[in-house]
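Student: mmCIF, C-alpha atoms and all ligand atoms, saved as my_file_1.cif, coming up:
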data_target
loop_
_atom_site.label_atom_id
_atom_site.label_comp_id
_atom_site.auth_asym_id
_atom_site.auth_seq_id
_atom_site.Cartn_x
_atom_site.Cartn_y
_atom_site.Cartn_z
CA MET A 11 -273.61 -25.40 82.68
CA ASP A 12 -272.91 -26.78 79.23
CA TYR A 13 -269.91 -28.98 79.27
CA LEU A 14 -266.65 -27.35 78.18
CA PRO A 15 -266.48 -26.31 74.47
CA SER A 16 -264.70 -28.68 72.14
CA LEU A 17 -261.46 -27.80 70.31
CA SER A 18 -261.72 -24.13 69.27
CA THR A 19 -261.09 -23.12 65.66
CA THR A 20 -258.30 -20.81 66.90
CA SER A 21 -256.43 -23.76 68.37
CA VAL A 22 -256.86 -25.70 65.16
CA ILE A 23 -255.52 -22.76 63.10
CA ILE A 24 -252.53 -22.29 65.43
CA THR A 25 -251.78 -26.01 65.42
CA THR A 26 -252.06 -26.28 61.66
CA GLY A 27 -249.77 -23.28 61.13
CA ILE A 28 -247.06 -24.60 63.44
CA LEU A 29 -247.27 -28.16 62.13
CA GLY A 30 -247.23 -26.81 58.57
CA ALA A 31 -243.79 -25.39 59.36
CA VAL A 32 -242.56 -28.56 61.07
CA ILE A 33 -243.81 -31.27 58.73
CA PRO A 34 -241.50 -30.35 55.78
CA VAL A 35 -238.54 -30.51 58.18
CA VAL A 36 -239.68 -33.93 59.34
CA ALA A 37 -240.14 -35.09 55.77
CA ILE A 38 -236.69 -33.89 54.69
CA MET A 39 -235.00 -35.50 57.68
CA GLY A 40 -236.88 -38.73 57.08
CA PHE A 41 -235.79 -38.71 53.44
CA PHE A 42 -232.08 -38.55 54.27
CA GLY A 43 -232.31 -41.19 57.00
CA SER A 44 -232.61 -44.27 54.76
CA LYS A 45 -230.27 -46.72 56.60
CA ASN A 46 -232.04 -49.90 57.75
CA HIS A 47 -231.34 -50.08 61.49
CA MET A 48 -233.04 -53.47 61.86
CA PRO A 49 -232.09 -55.76 58.96
CA VAL A 50 -233.73 -59.18 59.37
CA GLU A 51 -232.67 -61.20 56.29
CA GLY A 52 -230.93 -64.38 57.47
CA ARG A 53 -231.55 -63.44 61.13
CA THR A 54 -233.90 -65.22 63.55
CA VAL A 55 -236.88 -63.33 64.97
CA LEU A 56 -239.01 -64.60 67.85
CA LEU A 57 -242.44 -62.99 68.27
CA THR A 58 -244.81 -63.64 71.16
CA GLY A 59 -248.51 -63.11 70.54
CA ALA A 60 -248.04 -63.84 66.85
CA SER A 61 -250.81 -66.30 66.01
CA GLU A 62 -253.37 -63.53 65.55
CA GLY A 63 -253.69 -59.79 65.05
CA MET A 64 -250.71 -57.47 64.75
CA GLY A 65 -248.22 -60.16 65.81
CA ARG A 66 -249.31 -62.51 63.05
CA SER A 67 -249.04 -59.69 60.51
CA ALA A 68 -245.58 -58.73 61.77
CA ALA A 69 -244.39 -62.35 61.55
CA ILE A 70 -245.63 -62.61 57.96
CA GLN A 71 -243.99 -59.32 56.94
CA LEU A 72 -240.67 -60.24 58.54
CA ALA A 73 -240.73 -63.63 56.78
CA ALA A 74 -241.25 -61.76 53.51
CA LYS A 75 -238.09 -59.79 54.36
CA GLY A 76 -236.06 -63.01 54.71
CA ALA A 77 -236.15 -63.66 58.47
CA HIS A 78 -236.23 -67.06 60.14
CA VAL A 79 -239.34 -66.82 62.34
CA ILE A 80 -240.46 -68.35 65.65
CA ILE A 81 -244.03 -67.54 66.72
CA VAL A 82 -245.18 -68.01 70.31
CA SER A 83 -248.68 -68.08 71.79
CA ARG A 84 -250.96 -70.49 73.69
CA ASN A 85 -253.34 -72.13 71.22
CA VAL A 86 -251.59 -74.73 69.04
CA GLY A 87 -254.32 -74.79 66.41
CA ARG A 88 -254.03 -71.06 65.78
CA LEU A 89 -250.21 -71.32 65.86
CA GLU A 90 -250.29 -73.96 63.12
CA GLU A 91 -252.63 -71.88 60.98
CA ALA A 92 -250.53 -68.74 61.44
CA LEU A 93 -247.27 -70.59 60.76
CA ALA A 94 -248.64 -71.80 57.42
CA ASP A 95 -249.29 -68.17 56.44
CA VAL A 96 -245.83 -67.09 57.67
CA LYS A 97 -244.14 -69.86 55.66
CA ALA A 98 -246.15 -68.93 52.57
CA ALA A 99 -244.76 -65.39 52.76
CA ALA A 100 -241.10 -66.50 52.86
CA LYS A 101 -238.72 -64.54 50.63
CA SER A 102 -236.45 -67.59 50.20
CA PRO A 103 -238.55 -70.69 51.04
CA ALA A 104 -235.64 -73.05 50.41
CA THR A 105 -233.45 -71.56 53.12
CA GLN A 106 -235.71 -69.82 55.63
CA ARG A 107 -236.78 -71.75 58.73
CA PHE A 108 -240.05 -71.44 60.67
CA THR A 109 -241.46 -72.94 63.85
CA TYR A 110 -243.84 -72.26 66.72
CA ILE A 111 -243.62 -72.71 70.48
CA SER A 112 -246.74 -72.91 72.63
CA ALA A 113 -246.51 -70.93 75.87
CA ASP A 114 -248.57 -68.76 78.21
CA VAL A 115 -246.59 -65.57 78.84
CA SER A 116 -248.44 -64.99 82.12
CA GLU A 117 -246.86 -68.11 83.62
CA THR A 118 -243.74 -67.64 85.73
CA GLY A 119 -240.71 -69.22 84.11
CA TYR A 120 -242.23 -69.49 80.62
CA ALA A 121 -239.53 -67.31 79.06
CA ALA A 122 -236.53 -69.42 80.05
CA ARG A 123 -238.22 -72.51 78.58
CA VAL A 124 -239.17 -70.73 75.35
CA ILE A 125 -235.66 -69.33 74.87
CA ALA A 126 -234.10 -72.75 75.55
CA GLU A 127 -236.40 -74.37 72.96
CA ALA A 128 -235.68 -71.57 70.49
CA ILE A 129 -231.90 -71.99 70.89
CA ALA A 130 -232.16 -75.77 70.45
CA TRP A 131 -234.19 -75.26 67.26
CA ASN A 132 -231.92 -72.47 66.01
CA GLY A 133 -228.70 -74.50 65.87
CA GLY A 134 -227.51 -73.45 69.30
CA SER A 135 -227.89 -69.69 68.73
CA ALA A 136 -230.33 -67.39 70.47
CA PRO A 137 -232.81 -65.44 68.34
CA ASP A 138 -231.36 -62.11 67.12
CA ILE A 139 -234.58 -60.16 67.58
CA VAL A 140 -237.36 -60.70 70.16
CA TRP A 141 -240.67 -58.85 69.76
CA CYS A 142 -243.14 -59.13 72.65
CA LEU A 143 -246.65 -58.64 71.24
CA ALA A 144 -248.70 -61.00 73.45
CA GLY A 145 -251.28 -58.87 75.16
CA LEU A 146 -254.90 -58.20 75.92
CA SER A 147 -257.10 -55.39 77.15
CA THR A 148 -260.07 -55.61 79.54
CA PRO A 149 -261.58 -52.11 79.53
CA LEU A 150 -263.89 -51.52 82.53
CA LEU A 151 -264.78 -48.54 84.70
CA TRP A 152 -262.49 -48.72 87.72
CA THR A 153 -265.44 -49.12 90.11
CA ASP A 154 -266.55 -52.27 88.26
CA PRO A 155 -266.37 -55.30 90.62
CA ALA A 156 -264.30 -57.15 88.00
CA ALA A 157 -261.75 -54.34 87.59
CA PRO A 158 -259.12 -55.38 90.21
CA ALA A 159 -258.85 -58.97 88.95
CA ALA A 160 -258.78 -57.77 85.35
CA ALA A 161 -256.02 -55.30 86.20
CA ARG A 162 -253.91 -58.05 87.73
CA HIS A 163 -254.36 -60.32 84.69
CA ASN A 164 -253.61 -57.49 82.26
CA MET A 165 -250.40 -56.75 84.20
CA ASP A 166 -249.45 -60.44 84.24
CA VAL A 167 -249.81 -60.80 80.46
CA ASN A 168 -248.96 -57.33 79.14
CA TYR A 169 -246.17 -56.32 81.51
CA PHE A 170 -244.72 -59.40 83.21
CA GLY A 171 -245.11 -61.47 80.04
CA ALA A 172 -242.78 -59.05 78.25
CA ALA A 173 -240.57 -58.27 81.25
CA ASP A 174 -239.78 -61.92 81.89
CA MET A 175 -238.96 -62.47 78.21
CA SER A 176 -236.62 -59.46 78.16
CA HIS A 177 -234.85 -60.79 81.30
CA ALA A 178 -234.37 -64.24 79.77
CA ILE A 179 -233.13 -63.09 76.35
CA LEU A 180 -230.81 -60.38 77.74
CA ARG A 181 -229.11 -63.02 79.90
CA GLU A 182 -228.42 -64.93 76.67
CA TRP A 183 -227.29 -61.93 74.63
CA LEU A 184 -225.18 -60.32 77.35
CA GLU A 185 -223.32 -63.45 78.45
CA PRO A 186 -219.69 -62.27 78.84
CA PRO A 187 -217.38 -63.79 76.15
CA SER A 188 -215.58 -66.94 77.39
CA VAL A 189 -212.33 -65.54 75.99
CA PRO A 190 -212.22 -61.73 76.35
CA THR A 191 -211.38 -60.17 72.96
CA PRO A 192 -209.59 -56.80 73.26
CA ASN A 193 -211.04 -55.30 70.07
CA PRO A 194 -214.23 -57.15 69.20
CA LEU A 195 -215.50 -56.59 65.66
CA PRO A 196 -218.62 -54.35 65.56
CA GLN A 197 -221.71 -56.58 65.74
CA GLU A 198 -225.13 -56.04 64.17
CA PRO A 199 -227.22 -55.06 67.23
CA LYS A 200 -229.79 -57.41 68.74
CA HIS A 201 -233.27 -55.98 69.31
CA ILE A 202 -235.79 -56.40 72.15
CA ILE A 203 -239.16 -54.86 71.21
CA PHE A 204 -242.08 -54.22 73.56
CA THR A 205 -245.62 -53.47 72.37
CA ALA A 206 -247.52 -50.87 74.38
CA SER A 207 -250.32 -48.54 73.20
CA VAL A 208 -251.01 -44.84 72.73
CA VAL A 209 -252.81 -44.98 76.07
CA ALA A 210 -249.27 -45.12 77.51
CA PHE A 211 -249.00 -41.52 76.25
CA LEU A 212 -252.54 -40.37 77.02
CA ALA A 213 -254.74 -42.29 79.47
CA ILE A 214 -258.38 -42.65 78.49
CA VAL A 215 -261.47 -43.25 80.68
CA GLY A 216 -262.40 -46.94 80.93
CA TYR A 217 -258.91 -48.40 80.43
CA GLY A 218 -257.97 -48.55 84.12
CA PRO A 219 -257.34 -52.34 84.15
CA TYR A 220 -255.14 -52.03 81.02
CA THR A 221 -253.28 -48.71 80.80
CA PRO A 222 -250.91 -49.18 83.78
CA SER A 223 -249.59 -52.42 82.25
CA LYS A 224 -248.55 -50.46 79.14
CA TRP A 225 -247.08 -47.53 81.11
CA ALA A 226 -245.01 -50.08 83.03
CA LEU A 227 -243.46 -51.24 79.74
CA ARG A 228 -242.28 -47.65 79.12
CA GLY A 229 -240.62 -47.56 82.53
CA LEU A 230 -238.77 -50.83 81.94
CA ALA A 231 -237.72 -49.84 78.42
CA ASP A 232 -236.37 -46.46 79.56
CA THR A 233 -234.41 -48.25 82.31
CA LEU A 234 -232.95 -50.75 79.83
CA ALA A 235 -232.13 -48.00 77.32
CA MET A 236 -229.79 -46.55 79.98
CA GLU A 237 -228.63 -49.87 81.49
CA LEU A 238 -227.60 -51.41 78.15
CA ASN A 239 -224.82 -48.80 77.99
CA LEU A 240 -223.02 -51.17 80.39
CA TYR A 241 -222.50 -53.64 77.51
CA PRO A 242 -220.90 -51.72 74.60
CA ALA A 243 -219.28 -54.86 73.15
CA THR A 244 -222.64 -56.61 72.63
CA PRO A 245 -224.98 -53.92 71.30
CA VAL A 246 -228.67 -54.44 72.10
CA ARG A 247 -231.37 -51.97 71.05
CA VAL A 248 -234.62 -51.69 73.01
CA HIS A 249 -237.79 -50.33 71.40
CA VAL A 250 -241.44 -49.79 72.36
CA VAL A 251 -244.19 -49.83 69.72
CA TYR A 252 -247.35 -47.81 70.41
CA PRO A 253 -250.33 -48.85 68.29
CA ALA A 254 -253.69 -47.12 68.49
CA THR A 255 -256.86 -49.07 67.68
CA ILE A 256 -256.16 -52.24 65.66
CA THR A 257 -259.07 -54.09 63.98
CA SER A 258 -257.84 -57.41 65.41
CA PRO A 259 -259.58 -60.33 67.16
CA GLY A 260 -258.37 -58.72 70.39
CA LEU A 261 -260.36 -55.58 69.63
CA ALA A 262 -263.52 -57.65 69.20
CA ARG A 263 -262.86 -59.31 72.54
CA GLU A 264 -262.19 -56.09 74.44
CA ASN A 265 -265.25 -54.37 72.98
CA GLN A 266 -267.41 -56.84 74.92
CA THR A 267 -266.55 -55.09 78.20
CA LYS A 268 -265.66 -51.61 76.94
CA PRO A 269 -267.71 -48.80 78.57
CA ALA A 270 -269.78 -46.74 76.11
CA VAL A 271 -268.02 -43.52 77.14
CA THR A 272 -264.69 -45.10 76.14
CA HIS A 273 -266.05 -45.89 72.69
CA GLU A 274 -267.11 -42.24 72.46
CA LEU A 275 -263.61 -40.87 73.09
CA GLU A 276 -261.85 -43.50 70.96
CA LYS A 277 -263.69 -42.36 67.85
CA ASP A 278 -261.06 -39.59 67.43
CA GLU A 279 -258.39 -42.15 66.46
CA PRO A 280 -259.32 -44.10 63.29
CA PRO A 281 -258.78 -47.87 63.65
CA GLU A 282 -256.17 -49.53 61.41
CA SER A 283 -255.75 -53.14 60.21
CA PRO A 284 -253.16 -55.46 61.80
CA ASP A 285 -251.25 -55.48 58.49
CA THR A 286 -251.06 -51.67 58.36
CA VAL A 287 -250.03 -51.32 62.00
CA ALA A 288 -247.37 -54.04 61.66
CA ARG A 289 -245.99 -52.45 58.49
CA ARG A 290 -245.73 -49.00 60.07
CA ALA A 291 -244.17 -50.46 63.22
CA ILE A 292 -241.51 -52.30 61.17
CA THR A 293 -240.82 -49.09 59.22
CA GLY A 294 -240.21 -47.24 62.49
CA LEU A 295 -237.96 -50.02 63.77
CA GLU A 296 -235.96 -49.96 60.51
CA ARG A 297 -235.57 -46.18 60.94
CA GLY A 298 -233.99 -46.90 64.33
CA HIS A 299 -236.78 -45.31 66.35
CA TYR A 300 -236.91 -46.04 70.08
CA ASN A 301 -240.54 -45.13 70.78
CA VAL A 302 -242.22 -46.33 67.58
CA THR A 303 -245.61 -44.88 66.64
CA VAL A 304 -247.90 -45.93 63.78
CA SER A 305 -249.78 -42.68 63.09
CA PHE A 306 -249.14 -38.93 63.10
CA LEU A 307 -251.50 -38.56 66.06
CA GLY A 308 -249.51 -41.22 67.90
CA ASP A 309 -246.29 -39.34 67.15
CA LEU A 310 -247.75 -36.09 68.48
CA LEU A 311 -248.80 -37.90 71.65
CA ARG A 312 -245.29 -39.41 71.91
CA CYS A 313 -243.72 -35.96 71.76
CA GLY A 314 -246.13 -34.71 74.39
CA ILE A 315 -244.72 -36.94 77.11
CA MET A 316 -241.06 -37.66 76.41
CA GLY A 317 -239.49 -37.07 79.82
CA GLY A 318 -236.16 -38.89 79.80
CA SER A 319 -237.11 -41.24 76.96
CA VAL A 320 -234.74 -41.64 74.01
CA ARG A 321 -235.64 -39.20 71.21
CA ASN A 322 -236.10 -40.30 67.60
CA ASN A 323 -235.03 -36.85 66.40
CA TRP A 324 -234.04 -34.26 68.99
CA LEU A 325 -235.01 -31.22 66.91
CA VAL A 326 -238.37 -32.46 65.63
CA ASP A 327 -239.32 -34.13 68.92
CA THR A 328 -238.49 -30.99 70.90
CA VAL A 329 -240.48 -28.68 68.61
CA LEU A 330 -243.45 -31.05 68.55
CA GLY A 331 -243.17 -31.32 72.36
CA TRP A 332 -243.52 -27.55 72.66
CA VAL A 333 -246.48 -27.60 70.27
CA MET A 334 -248.14 -30.40 72.25
CA SER A 335 -247.89 -28.45 75.50
CA LEU A 336 -250.10 -25.83 73.82
CA ILE A 337 -252.44 -28.33 72.15
CA TYR A 338 -253.00 -30.24 75.38
CA PHE A 339 -254.62 -27.15 76.91
CA PHE A 340 -257.44 -27.56 74.39
CA VAL A 341 -257.39 -31.35 74.10
CA MET A 342 -257.76 -32.05 77.80
CA ARG A 343 -260.56 -29.45 78.09
CA ASP A 344 -262.24 -31.27 75.22
CA LEU A 345 -261.78 -34.82 76.50
CA ASN A 346 -262.69 -34.06 80.12
CA GLY A 347 -265.58 -31.92 78.91
CA ARG A 348 -266.95 -34.79 76.88
CA VAL A 349 -266.79 -37.13 79.89
CA LEU A 350 -268.51 -34.51 82.03
CA GLY A 351 -271.11 -34.05 79.31
CA TRP A 352 -271.61 -37.80 79.20
CA ALA A 353 -272.33 -37.79 82.95
CA ARG A 354 -274.79 -34.92 82.54
CA LYS A 355 -276.59 -36.79 79.78
CA HIS A 356 -276.52 -40.38 81.09
CA GLY A 357 -276.34 -39.91 84.86
CA HIS A 358 -274.43 -42.04 87.38
CA PRO A 359 -272.83 -45.06 85.57
CA GLY A 360 -273.63 -47.41 88.46
CA LEU A 361 -271.21 -49.59 90.45
CA GLY A 362 -272.79 -52.98 90.33
CA GLU A 363 -273.18 -55.12 87.30
CA THR A 364 -270.03 -56.57 85.88
CA LYS A 365 -269.90 -57.50 82.16
CA ALA A 366 -266.49 -59.28 82.26
N1 LIG A 401 -256.18 -54.26 69.38
C1 LIG A 401 -255.92 -53.01 69.69
O1 LIG A 401 -256.75 -52.08 69.49
C2 LIG A 401 -254.60 -52.63 70.31
C3 LIG A 401 -253.70 -53.60 70.74
N2 LIG A 401 -252.50 -53.20 71.31
C4 LIG A 401 -251.52 -54.19 71.75
O2 LIG A 401 -250.92 -54.77 70.58
C5 LIG A 401 -250.61 -56.15 70.82
C6 LIG A 401 -251.31 -57.00 69.78
O3 LIG A 401 -252.69 -56.75 69.92
P1 LIG A 401 -253.75 -57.45 68.93
O4 LIG A 401 -253.25 -57.42 67.55
O5 LIG A 401 -255.08 -56.85 69.25
O6 LIG A 401 -253.69 -58.97 69.44
P2 LIG A 401 -254.86 -60.06 69.46
O7 LIG A 401 -255.57 -59.94 70.78
O8 LIG A 401 -255.64 -60.02 68.22
O9 LIG A 401 -253.96 -61.38 69.51
C7 LIG A 401 -253.25 -61.63 70.70
C8 LIG A 401 -252.17 -62.64 70.42
O10 LIG A 401 -251.46 -62.87 71.63
C9 LIG A 401 -251.63 -64.22 72.03
N3 LIG A 401 -251.81 -64.24 73.49
C10 LIG A 401 -252.80 -63.67 74.20
N4 LIG A 401 -252.62 -63.95 75.51
C11 LIG A 401 -251.51 -64.70 75.61
C12 LIG A 401 -250.82 -65.32 76.68
N5 LIG A 401 -251.24 -65.22 77.94
N6 LIG A 401 -249.70 -66.01 76.41
C13 LIG A 401 -249.25 -66.13 75.14
N7 LIG A 401 -249.85 -65.57 74.07
C14 LIG A 401 -250.97 -64.88 74.32
C15 LIG A 401 -252.85 -64.73 71.28
O11 LIG A 401 -252.79 -66.13 71.03
P3 LIG A 401 -253.40 -67.18 72.12
O12 LIG A 401 -254.74 -66.69 72.56
O13 LIG A 401 -253.46 -68.48 71.38
O14 LIG A 401 -252.43 -67.23 73.25
C16 LIG A 401 -252.70 -63.98 69.98
O15 LIG A 401 -251.75 -64.60 69.16
C17 LIG A 401 -251.06 -56.43 72.25
O16 LIG A 401 -249.96 -56.29 73.13
C18 LIG A 401 -252.09 -55.33 72.53
O17 LIG A 401 -252.17 -55.02 73.92
C19 LIG A 401 -252.16 -51.88 71.46
C20 LIG A 401 -253.03 -50.90 71.06
C21 LIG A 401 -254.30 -51.21 70.45
C1 LIG A 402 -253.21 -33.72 68.96
C2 LIG A 402 -253.68 -34.53 70.14
C3 LIG A 402 -255.10 -35.00 69.94
C4 LIG A 402 -255.47 -36.00 71.03
C5 LIG A 402 -256.78 -36.68 70.73
C6 LIG A 402 -256.93 -37.85 71.67
C7 LIG A 402 -258.02 -38.79 71.19
C8 LIG A 402 -258.04 -40.03 72.07
C9 LIG A 402 -257.67 -41.25 71.25
C10 LIG A 402 -257.54 -42.46 72.14
C11 LIG A 402 -257.34 -43.73 71.35
C12 LIG A 402 -257.19 -44.88 72.30
C13 LIG A 402 -256.82 -46.12 71.54
C14 LIG A 402 -256.57 -47.24 72.53
C15 LIG A 402 -256.12 -48.48 71.80
C16 LIG A 402 -255.85 -49.57 72.79
O1 LIG A 402 -254.81 -49.65 73.34
C17 LIG A 402 -256.98 -50.48 73.12
N1 LIG A 402 -257.77 -50.83 71.95
C18 LIG A 402 -256.46 -51.73 73.79
O2 LIG A 402 -256.25 -52.77 72.93
#
As a first step, turn the structure in this file into structure tokens.
Tutor:
Amino acid sequence: MDYLPSLSTTSVIITTGILGAVIPVVAIMGFFGSKNHMPVEGRTVLLTGASEGMGRSAAIQLAAKGAHVIIVSRNVGRLEEALADVKAAAKSPATQRFTYISADVSETGYAARVIAEAIAWNGGSAPDIVWCLAGLSTPLLWTDPAAPAAARHNMDVNYFGAADMSHAILREWLEPPSVPTPNPLPQEPKHIIFTASVVAFLAIVGYGPYTPSKWALRGLADTLAMELNLYPATPVRVHVVYPATITSPGLARENQTKPAVTHELEKDEPPESPDTVARRAITGLERGHYNVTVSFLGDLLRCGIMGGSVRNNWLVDTVLGWVMSLIYFFVMRDLNGRVLGWARKHGHPGLGETKA
């Protein structure tokens, strides 16, 4: 039996027609929504995982917008190099401040130390925005002997590294006022930003050690999005950014273990540079988006799995969600068919050798 047919032309025509009706609506709504929901000029931003890749690009772009910037990662040499580039991008070099803090986000207790050092450096005030970008991916088939240990490490860095930071910074931001003020002035919201991946919308073969750590971030963010309603006097916004493939040093590292069949399916999503992904993520954050995507495909995937997540635009997200329930009939036949076809062509992938 040939493996299942790929996307049929009918489905493409239907999809194009529906999206052709929706896209102008999206464009018009985007045009009128020009308020910046995450101003950074004069505010302090702390970014973990910002000495390389998307985090380094985001730090540079936020410095260019006037933010004071703290970058956090392990390797001091790379931190110093990245900080030089961040400083060079400053909008107002005479007044903006920059520093780095070396830390391993997989270590228990790192976050409290980093926040304490950040507050000491920042004149006694906590950072206004915290963006957790530190992460890695170890793609392996789940039967690979190295998969369980890789899964635990990916969870330690990608999930617990961000979860512990969100716990530490929320305890700073949500400290009850020493003197209760009956009518506090409206404050510019603080922001906690997680960085997941489109595989947290659509799981792909070969990412078993990685994908659950990014789905876990969605679960925590959705919980906080509801829980933060308990603190109306100190507004905090939570966001999750969902990149697809980024041509970063991390991509080169993960490709060393990535199964060939994973490469085959990933070809459908064109890779983007760290600068492009960071720029699109910041645009989504400035638009006030909760689940922030960096491509139209990513936004379709977002709408295909919203559940109780905060919507960016109820009308558009609902319509695209309906469309996606139709498209997924064809997409999942295509993706699963290609994996089945791969098995027919290449045979049993084996259980033994581990590349990690
Ligand atoms: N690359 C891709 O295709 C995709 C990446 N993502 C996600 O986007 C984020 C950025 O990815 P990418 O641009 O590829 O990043 P890179 O892998 O290129 O860079 C990772 C950064 O995080 C730091 N880091 C890694 N591990 C730790 C750790 N344990 N503690 C502290 N810092 C750490 C690294 O510095 P150091 O080693 O010195 O600690 C470096 O600054 C990650 O969360 C990733 O999972 C999402 C989708 C696709
Ligand atoms: C309309 C709907 C069409 C759906 C087509 C689906 C095509 C699959 C694209 C999967 C891309 C996976 C990128 C993973 C990036 C990542 O997180 C790793 N590089 C880890 O760093």
Student: Nearest to Leu345 of chain A among A:Asp278, A:Lys75, A:Gly229, A:Ala126, with distances taken over all atoms listed in the file: which residue is it?
Tutor: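 Checking each candidate against Leu345 of chain A, we get A:Asp278 as the closest.
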Student: Using all atoms listed in the file, pick whichever of A:Ala160, A:Val115, A:Leu184, A:Ile129 has the shortest atom-to-atom distance to Pro242 of chain A.
Tutor: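 Answer, going by the shortest atom-to-atom distance: A:Leu184.
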Student: Go through the chains and note each residue within 9 Å of ligand LIG 402 (chain A), using all atoms listed in the file, then give the set as a ChimeraX atom specification.
Tutor: /A:25,145-149,206-210,212-214,217,220-221,224,252-258,260-261,264-265,272-273,275-281,306-308,310-311,314,334,337-338,340-342,344-345
Student: Just C-alpha atoms for this one: save the residues we selected as a compact mmCIF listing (two decimals), keeping the file's coordinate frame.
Tutor:
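Now in out-v7.txt:
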# COMPACT_ATOMS: atom_id res chain seq x y z
CA THR A 25 -251.78 -26.01 65.42
CA GLY A 145 -251.28 -58.87 75.16
CA LEU A 146 -254.90 -58.20 75.92
CA SER A 147 -257.10 -55.39 77.15
CA THR A 148 -260.07 -55.61 79.54
CA PRO A 149 -261.58 -52.11 79.53
CA ALA A 206 -247.52 -50.87 74.38
CA SER A 207 -250.32 -48.54 73.20
CA VAL A 208 -251.01 -44.84 72.73
CA VAL A 209 -252.81 -44.98 76.07
CA ALA A 210 -249.27 -45.12 77.51
CA LEU A 212 -252.54 -40.37 77.02
CA ALA A 213 -254.74 -42.29 79.47
CA ILE A 214 -258.38 -42.65 78.49
CA TYR A 217 -258.91 -48.40 80.43
CA TYR A 220 -255.14 -52.03 81.02
CA THR A 221 -253.28 -48.71 80.80
CA LYS A 224 -248.55 -50.46 79.14
CA TYR A 252 -247.35 -47.81 70.41
CA PRO A 253 -250.33 -48.85 68.29
CA ALA A 254 -253.69 -47.12 68.49
CA THR A 255 -256.86 -49.07 67.68
CA ILE A 256 -256.16 -52.24 65.66
CA THR A 257 -259.07 -54.09 63.98
CA SER A 258 -257.84 -57.41 65.41
CA GLY A 260 -258.37 -58.72 70.39
CA LEU A 261 -260.36 -55.58 69.63
CA GLU A 264 -262.19 -56.09 74.44
CA ASN A 265 -265.25 -54.37 72.98
CA THR A 272 -264.69 -45.10 76.14
CA HIS A 273 -266.05 -45.89 72.69
CA LEU A 275 -263.61 -40.87 73.09
CA GLU A 276 -261.85 -43.50 70.96
CA LYS A 277 -263.69 -42.36 67.85
CA ASP A 278 -261.06 -39.59 67.43
CA GLU A 279 -258.39 -42.15 66.46
CA PRO A 280 -259.32 -44.10 63.29
CA PRO A 281 -258.78 -47.87 63.65
CA PHE A 306 -249.14 -38.93 63.10
CA LEU A 307 -251.50 -38.56 66.06
CA GLY A 308 -249.51 -41.22 67.90
CA LEU A 310 -247.75 -36.09 68.48
CA LEU A 311 -248.80 -37.90 71.65
CA GLY A 314 -246.13 -34.71 74.39
CA MET A 334 -248.14 -30.40 72.25
CA ILE A 337 -252.44 -28.33 72.15
CA TYR A 338 -253.00 -30.24 75.38
CA PHE A 340 -257.44 -27.56 74.39
CA VAL A 341 -257.39 -31.35 74.10
CA MET A 342 -257.76 -32.05 77.80
CA ASP A 344 -262.24 -31.27 75.22
CA LEU A 345 -261.78 -34.82 76.50
Student: Give, as AutoDock Vina command-line options, the centre coordinates and the x, y and z edge lengths in Å to one decimal for an axis-aligned box around all listed atoms of segment 142-156 of chain A, padded by 8 Å on each side.
Tutor:
--center_x -254.8 --center_y -54.8 --center_z 80.9 --size_x 39.4 --size_y 28.5 --size_z 35.4
Student: Can you work out the spacing between atom CA of Thr109 of chain A and atom CA of Val82 of chain A in Å, to one decimal?
Tutor: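 Computing it gives 8.9 Å between the two atoms.
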Student: Leaving out Ala77 of chain A and any residue of its chain fewer than 3 positions from it, which residues lie within 12 Å of it when counting only C-alpha atoms, given as a ChimeraX atom specification?
Tutor: /A:48-57,68-74,80,96-97,99-103,105-109,137-139
Student: Using the selection just defined, write its residues with C-alpha atoms as a compact mmCIF listing (two decimals), keeping the file's coordinate frame.
Tutor:
# COMPACT_ATOMS: atom_id res chain seq x y z
CA MET A 48 -233.04 -53.47 61.86
CA PRO A 49 -232.09 -55.76 58.96
CA VAL A 50 -233.73 -59.18 59.37
CA GLU A 51 -232.67 -61.20 56.29
CA GLY A 52 -230.93 -64.38 57.47
CA ARG A 53 -231.55 -63.44 61.13
CA THR A 54 -233.90 -65.22 63.55
CA VAL A 55 -236.88 -63.33 64.97
CA LEU A 56 -239.01 -64.60 67.85
CA LEU A 57 -242.44 -62.99 68.27
CA ALA A 68 -245.58 -58.73 61.77
CA ALA A 69 -244.39 -62.35 61.55
CA ILE A 70 -245.63 -62.61 57.96
CA GLN A 71 -243.99 -59.32 56.94
CA LEU A 72 -240.67 -60.24 58.54
CA ALA A 73 -240.73 -63.63 56.78
CA ALA A 74 -241.25 -61.76 53.51
CA ILE A 80 -240.46 -68.35 65.65
CA VAL A 96 -245.83 -67.09 57.67
CA LYS A 97 -244.14 -69.86 55.66
CA ALA A 99 -244.76 -65.39 52.76
CA ALA A 100 -241.10 -66.50 52.86
CA LYS A 101 -238.72 -64.54 50.63
CA SER A 102 -236.45 -67.59 50.20
CA PRO A 103 -238.55 -70.69 51.04
CA THR A 105 -233.45 -71.56 53.12
CA GLN A 106 -235.71 -69.82 55.63
CA ARG A 107 -236.78 -71.75 58.73
CA PHE A 108 -240.05 -71.44 60.67
CA THR A 109 -241.46 -72.94 63.85
CA PRO A 137 -232.81 -65.44 68.34
CA ASP A 138 -231.36 -62.11 67.12
CA ILE A 139 -234.58 -60.16 67.58
